[in-house]
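*Asks:* Enclosed is the structure file run.cif (mmCIF, C-alpha atoms, pLDDT in the B column; chains and numbers go by the auth columns).
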```cif
data_entry
#
loop_
_atom_site.group_PDB
_atom_site.id
_atom_site.type_symbol
_atom_site.label_atom_id
_atom_site.label_comp_id
_atom_site.label_asym_id
_atom_site.label_seq_id
_atom_site.Cartn_x
_atom_site.Cartn_y
_atom_site.Cartn_z
_atom_site.B_iso_or_equiv
_atom_site.auth_seq_id
_atom_site.auth_asym_id
ATOM 1 C CA ALA A 1 103.487 168.086 113.043 59.00 1168 A
ATOM 2 C CA LEU A 2 103.141 166.097 109.827 62.00 1169 A
ATOM 3 C CA ALA A 3 105.899 168.112 108.151 67.00 1170 A
ATOM 4 C CA SER A 4 108.134 167.567 111.172 68.00 1171 A
ATOM 5 C CA ASP A 5 107.559 163.786 111.062 64.00 1172 A
ATOM 6 C CA ALA A 6 108.204 163.714 107.329 67.00 1173 A
ATOM 7 C CA ALA A 7 111.414 165.717 107.744 66.00 1174 A
ATOM 8 C CA MET A 8 112.580 163.313 110.441 68.00 1175 A
ATOM 9 C CA ALA A 9 111.814 160.292 108.254 67.00 1176 A
ATOM 10 C CA ILE A 10 113.699 161.834 105.342 71.00 1177 A
ATOM 11 C CA ARG A 11 116.631 162.655 107.592 70.00 1178 A
ATOM 12 C CA ASN A 12 116.704 159.097 108.981 67.00 1179 A
ATOM 13 C CA ALA A 13 116.609 157.695 105.476 70.00 1180 A
ATOM 14 C CA GLN A 14 119.472 159.972 104.463 72.00 1181 A
ATOM 15 C CA LEU A 15 121.510 158.879 107.502 72.00 1182 A
ATOM 16 C CA PHE A 16 120.861 155.243 106.609 66.00 1183 A
ATOM 17 C CA MET A 17 122.008 155.827 103.021 71.00 1184 A
ATOM 18 C CA ASP A 18 125.116 157.651 104.240 66.00 1185 A
ATOM 19 C CA LEU A 19 125.949 154.792 106.606 67.00 1186 A
ATOM 20 C CA ARG A 20 125.461 152.245 103.831 69.00 1187 A
ATOM 21 C CA LYS A 21 127.731 154.226 101.496 69.00 1188 A
ATOM 22 C CA GLU A 22 130.376 154.505 104.225 68.00 1189 A
ATOM 23 C CA SER A 23 130.117 150.786 104.923 63.00 1190 A
ATOM 24 C CA GLN A 24 130.528 149.995 101.212 67.00 1191 A
ATOM 25 C CA LYS A 25 133.497 152.352 101.003 67.00 1192 A
ATOM 26 C CA ASN A 26 135.143 150.661 103.988 65.00 1193 A
ATOM 27 C CA HIS A 27 134.432 147.240 102.497 64.00 1194 A
ATOM 28 C CA ASP A 28 135.970 148.247 99.151 71.00 1195 A
ATOM 29 C CA LEU A 29 139.004 149.656 100.954 68.00 1196 A
ATOM 30 C CA PHE A 30 139.375 146.391 102.889 65.00 1197 A
ATOM 31 C CA ILE A 31 139.285 144.312 99.690 69.00 1198 A
ATOM 32 C CA ARG A 32 141.800 146.586 97.937 71.00 1199 A
ATOM 33 C CA THR A 33 144.088 146.400 100.966 72.00 1200 A
ATOM 34 C CA MET A 34 143.942 142.588 100.870 70.00 1201 A
ATOM 35 C CA VAL A 35 144.850 142.654 97.159 70.00 1202 A
ATOM 36 C CA VAL A 36 147.887 144.837 97.878 69.00 1203 A
ATOM 37 C CA LEU A 37 148.895 142.665 100.830 70.00 1204 A
ATOM 38 C CA GLY A 38 148.560 139.523 98.739 69.00 1205 A
ATOM 39 C CA SER A 39 150.728 140.946 95.966 69.00 1206 A
ATOM 40 C CA THR A 40 153.616 141.720 98.322 71.00 1207 A
ATOM 41 C CA ILE A 41 154.863 138.132 98.181 72.00 1208 A
ATOM 42 C CA GLU A 42 155.383 138.432 94.432 69.00 1209 A
ATOM 43 C CA ALA A 43 157.974 141.114 95.063 70.00 1210 A
ATOM 44 C CA LYS A 44 159.984 138.527 96.999 69.00 1211 A
ATOM 45 C CA ASP A 45 159.322 135.357 95.019 68.00 1212 A
ATOM 46 C CA LYS A 46 160.262 136.276 91.451 63.00 1213 A
ATOM 47 C CA TYR A 47 159.192 132.921 90.015 63.00 1214 A
ATOM 48 C CA THR A 48 155.526 133.266 90.978 65.00 1215 A
ATOM 49 C CA HIS A 49 154.697 136.591 89.324 64.00 1216 A
ATOM 50 C CA TRP A 50 150.889 136.877 88.949 82.00 1217 A
ATOM 51 C CA HIS A 51 150.511 133.460 90.613 87.00 1218 A
ATOM 52 C CA THR A 52 148.412 134.934 93.429 89.00 1219 A
ATOM 53 C CA GLN A 53 145.944 136.635 91.094 88.00 1220 A
ATOM 54 C CA ARG A 54 145.592 133.554 88.900 93.00 1221 A
ATOM 55 C CA VAL A 55 144.964 131.278 91.905 94.00 1222 A
ATOM 56 C CA THR A 56 142.363 133.752 93.178 94.00 1223 A
ATOM 57 C CA ASP A 57 140.580 133.923 89.819 94.00 1224 A
ATOM 58 C CA ILE A 58 140.599 130.125 89.418 97.00 1225 A
ATOM 59 C CA SER A 59 139.382 129.546 92.988 97.00 1226 A
ATOM 60 C CA VAL A 60 136.383 131.838 92.491 96.00 1227 A
ATOM 61 C CA LEU A 61 135.609 130.223 89.118 97.00 1228 A
ATOM 62 C CA ILE A 62 135.666 126.772 90.743 97.00 1229 A
ATOM 63 C CA ALA A 63 133.273 127.925 93.487 97.00 1230 A
ATOM 64 C CA ARG A 64 130.863 129.464 90.992 96.00 1231 A
ATOM 65 C CA GLN A 65 131.005 126.356 88.807 96.00 1232 A
ATOM 66 C CA MET A 66 130.186 124.201 91.837 95.00 1233 A
ATOM 67 C CA ASN A 67 127.099 126.350 92.369 95.00 1234 A
ATOM 68 C CA ALA A 68 126.191 126.130 88.677 95.00 1235 A
ATOM 69 C CA ASN A 69 126.593 122.323 88.726 93.00 1236 A
ATOM 70 C CA GLY A 70 124.387 122.056 91.783 90.00 1237 A
ATOM 71 C CA SER A 71 127.055 119.999 93.583 86.00 1238 A
ATOM 72 C CA THR A 72 126.806 122.435 96.480 90.00 1239 A
ATOM 73 C CA GLN A 73 125.431 125.860 97.256 90.00 1240 A
ATOM 74 C CA LEU A 74 128.078 128.345 98.321 94.00 1241 A
ATOM 75 C CA SER A 75 126.950 131.738 99.576 94.00 1242 A
ATOM 76 C CA GLU A 76 128.309 135.039 98.311 92.00 1243 A
ATOM 77 C CA LYS A 77 129.878 135.469 101.760 92.00 1244 A
ATOM 78 C CA PHE A 78 131.740 132.160 101.306 95.00 1245 A
ATOM 79 C CA ILE A 79 132.916 133.230 97.842 94.00 1246 A
ATOM 80 C CA GLU A 80 134.143 136.562 99.199 91.00 1247 A
ATOM 81 C CA ASP A 81 136.009 134.779 102.026 93.00 1248 A
ATOM 82 C CA LEU A 82 137.456 132.432 99.391 96.00 1249 A
ATOM 83 C CA TYR A 83 138.558 135.424 97.305 93.00 1250 A
ATOM 84 C CA VAL A 84 140.380 136.982 100.252 91.00 1251 A
ATOM 85 C CA SER A 85 141.839 133.666 101.421 94.00 1252 A
ATOM 86 C CA SER A 86 143.207 132.740 97.985 94.00 1253 A
ATOM 87 C CA MET A 87 144.591 136.253 97.548 90.00 1254 A
ATOM 88 C CA LEU A 88 146.514 135.777 100.808 90.00 1255 A
ATOM 89 C CA HIS A 89 147.225 132.034 100.645 93.00 1256 A
ATOM 90 C CA ASP A 90 150.996 132.466 100.184 91.00 1257 A
ATOM 91 C CA ILE A 91 151.493 135.562 102.357 90.00 1258 A
ATOM 92 C CA GLY A 92 153.500 133.417 104.818 90.00 1259 A
ATOM 93 C CA LYS A 93 156.287 133.096 102.244 89.00 1260 A
ATOM 94 C CA ILE A 94 157.370 136.511 103.501 86.00 1261 A
ATOM 95 C CA GLY A 95 158.875 134.524 106.390 87.00 1262 A
ATOM 96 C CA VAL A 96 160.757 132.127 104.094 89.00 1263 A
ATOM 97 C CA PRO A 97 164.346 133.079 103.080 88.00 1264 A
ATOM 98 C CA GLU A 98 164.735 134.138 99.448 84.00 1265 A
ATOM 99 C CA SER A 99 167.572 131.618 99.144 85.00 1266 A
ATOM 100 C CA VAL A 100 164.918 128.910 99.518 87.00 1267 A
ATOM 101 C CA LEU A 101 162.110 130.588 97.558 82.00 1268 A
ATOM 102 C CA ASN A 102 164.271 131.385 94.532 79.00 1269 A
ATOM 103 C CA LYS A 103 166.469 128.300 94.584 82.00 1270 A
ATOM 104 C CA ILE A 104 166.947 126.747 91.142 79.00 1271 A
ATOM 105 C CA GLU A 105 168.568 123.563 92.425 82.00 1272 A
ATOM 106 C CA THR A 106 166.551 120.754 94.009 84.00 1273 A
ATOM 107 C CA LEU A 107 165.417 121.708 97.498 85.00 1274 A
ATOM 108 C CA THR A 108 167.063 119.870 100.363 91.00 1275 A
ATOM 109 C CA ALA A 109 165.109 118.241 103.192 92.00 1276 A
ATOM 110 C CA ASP A 110 165.903 121.274 105.362 93.00 1277 A
ATOM 111 C CA ASP A 111 164.690 123.611 102.598 92.00 1278 A
ATOM 112 C CA TYR A 112 161.394 121.723 102.439 91.00 1279 A
ATOM 113 C CA ARG A 113 160.953 121.915 106.207 93.00 1280 A
ATOM 114 C CA ILE A 114 161.391 125.688 106.054 93.00 1281 A
ATOM 115 C CA LEU A 115 159.059 126.086 103.068 92.00 1282 A
ATOM 116 C CA GLN A 116 156.374 123.975 104.721 94.00 1283 A
ATOM 117 C CA GLN A 117 156.164 126.516 107.525 95.00 1284 A
ATOM 118 C CA HIS A 118 154.741 129.214 105.250 94.00 1285 A
ATOM 119 C CA PRO A 119 151.045 128.427 105.946 95.00 1286 A
ATOM 120 C CA LEU A 120 151.725 128.845 109.667 95.00 1287 A
ATOM 121 C CA PHE A 121 153.675 132.056 109.056 93.00 1288 A
ATOM 122 C CA GLY A 122 150.688 133.307 107.055 91.00 1289 A
ATOM 123 C CA VAL A 123 148.213 132.639 109.855 93.00 1290 A
ATOM 124 C CA GLU A 124 150.550 134.316 112.342 92.00 1291 A
ATOM 125 C CA ILE A 125 150.765 137.429 110.145 88.00 1292 A
ATOM 126 C CA LEU A 126 146.996 137.659 109.563 87.00 1293 A
ATOM 127 C CA ALA A 127 145.640 136.508 112.945 88.00 1294 A
ATOM 128 C CA PRO A 128 145.376 140.032 114.437 86.00 1295 A
ATOM 129 C CA LEU A 129 142.859 141.013 111.707 81.00 1296 A
ATOM 130 C CA SER A 130 139.517 139.881 113.115 79.00 1297 A
ATOM 131 C CA GLU A 131 137.843 140.476 109.722 79.00 1298 A
ATOM 132 C CA LEU A 132 139.891 137.611 108.258 83.00 1299 A
ATOM 133 C CA GLN A 133 138.914 134.831 110.661 85.00 1300 A
ATOM 134 C CA GLU A 134 136.752 133.032 108.069 86.00 1301 A
ATOM 135 C CA SER A 135 139.578 133.196 105.513 90.00 1302 A
ATOM 136 C CA LEU A 136 142.394 131.916 107.727 93.00 1303 A
ATOM 137 C CA SER A 137 141.549 128.234 107.240 95.00 1304 A
ATOM 138 C CA GLY A 138 142.299 128.582 103.525 96.00 1305 A
ATOM 139 C CA VAL A 139 145.666 130.152 104.310 95.00 1306 A
ATOM 140 C CA ARG A 140 146.578 127.474 106.858 97.00 1307 A
ATOM 141 C CA TYR A 141 145.298 124.347 105.132 97.00 1308 A
ATOM 142 C CA HIS A 142 145.744 124.898 101.364 97.00 1309 A
ATOM 143 C CA HIS A 143 148.653 122.401 101.280 97.00 1310 A
ATOM 144 C CA GLU A 144 146.781 119.644 103.111 97.00 1311 A
ATOM 145 C CA ARG A 145 146.030 116.528 101.058 97.00 1312 A
ATOM 146 C CA TYR A 146 142.868 114.431 101.020 97.00 1313 A
ATOM 147 C CA ASP A 147 144.926 111.341 101.930 97.00 1314 A
ATOM 148 C CA GLY A 148 146.434 113.078 104.973 97.00 1315 A
ATOM 149 C CA LYS A 149 149.961 113.401 103.562 96.00 1316 A
ATOM 150 C CA GLY A 150 149.954 117.194 103.273 96.00 1317 A
ATOM 151 C CA TYR A 151 151.114 119.901 105.642 96.00 1318 A
ATOM 152 C CA PRO A 152 151.248 121.546 108.145 96.00 1319 A
ATOM 153 C CA ASP A 153 148.694 119.508 110.156 96.00 1320 A
ATOM 154 C CA LYS A 154 148.235 116.341 108.052 96.00 1321 A
ATOM 155 C CA LEU A 155 144.464 116.726 107.938 96.00 1322 A
ATOM 156 C CA ASN A 156 142.602 114.257 105.753 96.00 1323 A
ATOM 157 C CA GLY A 157 139.257 113.849 104.027 96.00 1324 A
ATOM 158 C CA ASP A 158 136.460 116.179 105.054 94.00 1325 A
ATOM 159 C CA ARG A 159 138.527 117.466 107.989 97.00 1326 A
ATOM 160 C CA ILE A 160 140.067 119.802 105.398 97.00 1327 A
ATOM 161 C CA PRO A 161 137.862 122.921 105.122 97.00 1328 A
ATOM 162 C CA LEU A 162 136.212 123.317 101.716 97.00 1329 A
ATOM 163 C CA ILE A 163 137.743 126.766 101.284 97.00 1330 A
ATOM 164 C CA ALA A 164 141.228 125.197 101.527 98.00 1331 A
ATOM 165 C CA ALA A 165 140.315 122.255 99.275 97.00 1332 A
ATOM 166 C CA ILE A 166 139.272 124.670 96.504 98.00 1333 A
ATOM 167 C CA ILE A 167 142.461 126.732 96.802 98.00 1334 A
ATOM 168 C CA SER A 168 144.510 123.522 96.737 97.00 1335 A
ATOM 169 C CA VAL A 169 143.150 122.616 93.283 97.00 1336 A
ATOM 170 C CA ALA A 170 143.563 126.154 91.933 97.00 1337 A
ATOM 171 C CA ASP A 171 147.106 126.400 93.319 96.00 1338 A
ATOM 172 C CA ALA A 172 148.130 123.075 91.781 96.00 1339 A
ATOM 173 C CA PHE A 173 146.523 123.896 88.433 96.00 1340 A
ATOM 174 C CA ASP A 174 148.470 127.155 88.178 94.00 1341 A
ATOM 175 C CA ALA A 175 151.717 125.498 89.306 92.00 1342 A
ATOM 176 C CA ILE A 176 151.377 122.772 86.659 94.00 1343 A
ATOM 177 C CA THR A 177 150.685 125.199 83.807 94.00 1344 A
ATOM 178 C CA THR A 178 153.297 127.843 84.688 89.00 1345 A
ATOM 179 C CA ASP A 179 156.931 127.856 83.562 81.00 1346 A
ATOM 180 C CA ARG A 180 159.418 127.384 86.385 74.00 1347 A
ATOM 181 C CA PRO A 181 163.235 127.644 86.270 68.00 1348 A
ATOM 182 C CA TYR A 182 163.544 123.860 86.470 69.00 1349 A
ATOM 183 C CA ARG A 183 160.761 122.891 83.998 78.00 1350 A
ATOM 184 C CA LYS A 184 158.354 124.166 81.362 86.00 1351 A
ATOM 185 C CA GLY A 185 154.694 124.573 82.158 88.00 1352 A
ATOM 186 C CA ARG A 186 152.378 121.849 80.879 93.00 1353 A
ATOM 187 C CA THR A 187 149.252 122.346 78.774 94.00 1354 A
ATOM 188 C CA LEU A 188 145.815 123.017 80.269 94.00 1355 A
ATOM 189 C CA ALA A 189 144.638 119.556 79.180 95.00 1356 A
ATOM 190 C CA GLU A 190 147.626 117.930 80.856 96.00 1357 A
ATOM 191 C CA ALA A 191 146.939 119.891 84.043 95.00 1358 A
ATOM 192 C CA VAL A 192 143.318 118.721 84.079 95.00 1359 A
ATOM 193 C CA GLN A 193 144.425 115.104 83.619 96.00 1360 A
ATOM 194 C CA GLU A 194 146.998 115.446 86.415 96.00 1361 A
ATOM 195 C CA ILE A 195 144.324 116.770 88.777 96.00 1362 A
ATOM 196 C CA LYS A 196 141.881 114.011 87.810 96.00 1363 A
ATOM 197 C CA LYS A 197 144.609 111.412 88.407 97.00 1364 A
ATOM 198 C CA ASN A 198 145.052 112.689 91.967 97.00 1365 A
ATOM 199 C CA ILE A 199 141.369 112.805 92.948 96.00 1366 A
ATOM 200 C CA GLY A 200 140.957 111.177 96.335 96.00 1367 A
ATOM 201 C CA THR A 201 144.673 111.269 97.112 97.00 1368 A
ATOM 202 C CA GLN A 202 145.898 114.853 96.821 97.00 1369 A
ATOM 203 C CA PHE A 203 142.558 116.480 95.968 97.00 1370 A
ATOM 204 C CA HIS A 204 139.055 116.404 97.413 94.00 1371 A
ATOM 205 C CA PRO A 205 136.796 114.303 95.138 91.00 1372 A
#
```
Would you encode the structure as structure tokens?

*Replies:*
Amino acid sequence: ALASDAAMAIRNAQLFMDLRKESQKNHDLFIRTMVVLGSTIEAKDKYTHWHTQRVTDISVLIARQMNANGSTQLSEKFIEDLYVSSMLHDIGKIGVPESVLNKIETLTADDYRILQQHPLFGVEILAPLSELQESLSGVRYHHERYDGKGYPDKLNGDRIPLIAAIISVADAFDAITTDRPYRKGRTLAEAVQEIKKNIGTQFHP
């Protein structure tokens, strides 16, 4: 009887370990799939090569620095949702014509209206994936501004989810420091000063 109980306990433990390994494998597959999905936009927008990965790396660094500073305490679950959200933040540009995305000339008012739809396109693309619900706010709101002059919903202040506020800073930092067809990228110090200058207007304090 004792041997039978021991065998059952060992078997249950083995089943638990197998389930945990399968869960980890599925989780890793999910993350890799999100990375691939996030990189698809770079095949369409030739001027933002590696932009997605840089924004993701910077967003996670910001979150970890916030924890290190003690300004807030963000869970590992939040940081993982942030990672996925920043990886997918521009996925909606798939719905924007390449003539607008890759335009060298100054964008027209109509061009801007089309481009400003990309957060909504992104949410529409990702909404069927229930696993992404916590990450969707970063996709939708990463172009909102603290003063309420952003898009698509003109949220202001603390109405903007923290996950989106972090991506907003990372996205701007990479945009400022990266060469574009119409201008050269600025230095890291200049980018930091530009972000500091816009605290409380464009960016969350």

*Asks:* Using the chain letters and numbers from the file, give me the residues hit by the PyMOL selection byres ((chain A and resi 1292-1305) around 6), as a list in words.

*Replies:*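 Applying the PyMOL selection byres ((chain A and resi 1292-1305) around 6) to the structure shown produces Asp1248, Ser1252, Gly1289, Val1290, Glu1291, Val1306, Arg1307, Tyr1308, His1309, Ile1330 and Ala1331 of chain A.
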
*Asks:* Quick one, how far is atom CA of A:Ser1253 from atom CA of A:Thr1223?

*Replies:*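 These two atoms are separated by 5.0 Å.
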
*Asks:* Nearest to A:Ile1333: which of A:Arg1231, A:Lys1316, A:Lys1270, A:Arg1353 is it, counting all atoms listed in the file?

*Replies:*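 Among the listed residues, A:Arg1231 lies closest to A:Ile1333.
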
*Asks:* For A:Leu1268, please output as a PyMOL selection string all residues within 8 Å (counting only C-alpha atoms; exclusion window: fewer than 3 positions along the same chain).

*Replies:* chain A and resi 1212+1260+1263-1265+1282

*Asks:* Between atom CA of A:Ala1332 and atom CA of A:Arg1350, what is the distance, to one decimal in Å?

*Replies:* 25.5 Å

*Asks:* So what do you get for atom CA of A:Asp1325 versus atom CA of A:Pro1372, distance-wise?

*Replies:*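 Answer for the atom CA of A:Asp1325 to atom CA of A:Pro1372 separation: 10.1 Å.
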
*Asks:* Do you know which residues lie at most 7 Å from (140.5, 112.2, 104.7), with coordinates as in the file and all atoms listed in the file counted, and could you write them as an MDAnalysis selection string?

*Replies:* chainID A and resid 1313:1315 1322:1326

*Asks:* Take the PyMOL selection byres ((chain A and resi 1284) around 9), apply it to the structure above, and return the hits as a VMD selection string.

*Replies:* chain A and resid 1259 to 1260 1262 to 1263 1279 to 1283 1285 to 1289 1318 to 1319

*Asks:* Given the choices A:Thr1200, A:Thr1345, A:Gln1240, A:Ser1335, which gets closest to A:Asn1365 if the distance is worked out from all atoms listed in the file?

*Replies:*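 Of A:Thr1200, A:Thr1345, A:Gln1240, A:Ser1335, the one nearest A:Asn1365, counting all atoms listed in the file, is A:Ser1335.
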
*Asks:* Please put the answer as JSON: centre and edge lengths, in Å with one decimal, of a box along x, y and z that encloses all listed atoms of stretch 1235-1248 of chain A plus 6 Å on each side.

*Replies:*
```
{"center_x": 130.2, "center_y": 128.3, "center_z": 95.4, "size_x": 23.6, "size_y": 28.6, "size_z": 25.3}
```

*Asks:* Running the PyMOL selection byres ((chain A and resi 1230) around 10) on this model by hand, what would come out? Give it as a PDB file with C-alpha atoms, in the coordinates of the input.

*Replies:*
```
ATOM      1  CA  ILE A1225     140.599 130.125  89.418  1.00 97.00           C
ATOM      2  CA  SER A1226     139.382 129.546  92.988  1.00 97.00           C
ATOM      3  CA  VAL A1227     136.383 131.838  92.491  1.00 96.00           C
ATOM      4  CA  LEU A1228     135.609 130.223  89.118  1.00 97.00           C
ATOM      5  CA  ILE A1229     135.666 126.772  90.743  1.00 97.00           C
ATOM      6  CA  ARG A1231     130.863 129.464  90.992  1.00 96.00           C
ATOM      7  CA  GLN A1232     131.005 126.356  88.807  1.00 96.00           C
ATOM      8  CA  MET A1233     130.186 124.201  91.837  1.00 95.00           C
ATOM      9  CA  ASN A1234     127.099 126.350  92.369  1.00 95.00           C
ATOM     10  CA  ALA A1235     126.191 126.130  88.677  1.00 95.00           C
ATOM     11  CA  ASN A1236     126.593 122.323  88.726  1.00 93.00           C
ATOM     12  CA  THR A1239     126.806 122.435  96.480  1.00 90.00           C
ATOM     13  CA  GLN A1240     125.431 125.860  97.256  1.00 90.00           C
ATOM     14  CA  LEU A1241     128.078 128.345  98.321  1.00 94.00           C
ATOM     15  CA  SER A1242     126.950 131.738  99.576  1.00 94.00           C
ATOM     16  CA  GLU A1243     128.309 135.039  98.311  1.00 92.00           C
ATOM     17  CA  PHE A1245     131.740 132.160 101.306  1.00 95.00           C
ATOM     18  CA  ILE A1246     132.916 133.230  97.842  1.00 94.00           C
ATOM     19  CA  LEU A1249     137.456 132.432  99.391  1.00 96.00           C
ATOM     20  CA  TYR A1250     138.558 135.424  97.305  1.00 93.00           C
ATOM     21  CA  LEU A1329     136.212 123.317 101.716  1.00 97.00           C
ATOM     22  CA  ILE A1330     137.743 126.766 101.284  1.00 97.00           C
ATOM     23  CA  ILE A1333     139.272 124.670  96.504  1.00 98.00           C
ATOM     24  CA  ILE A1334     142.461 126.732  96.802  1.00 98.00           C
TER      25      ILE A1334
END
```
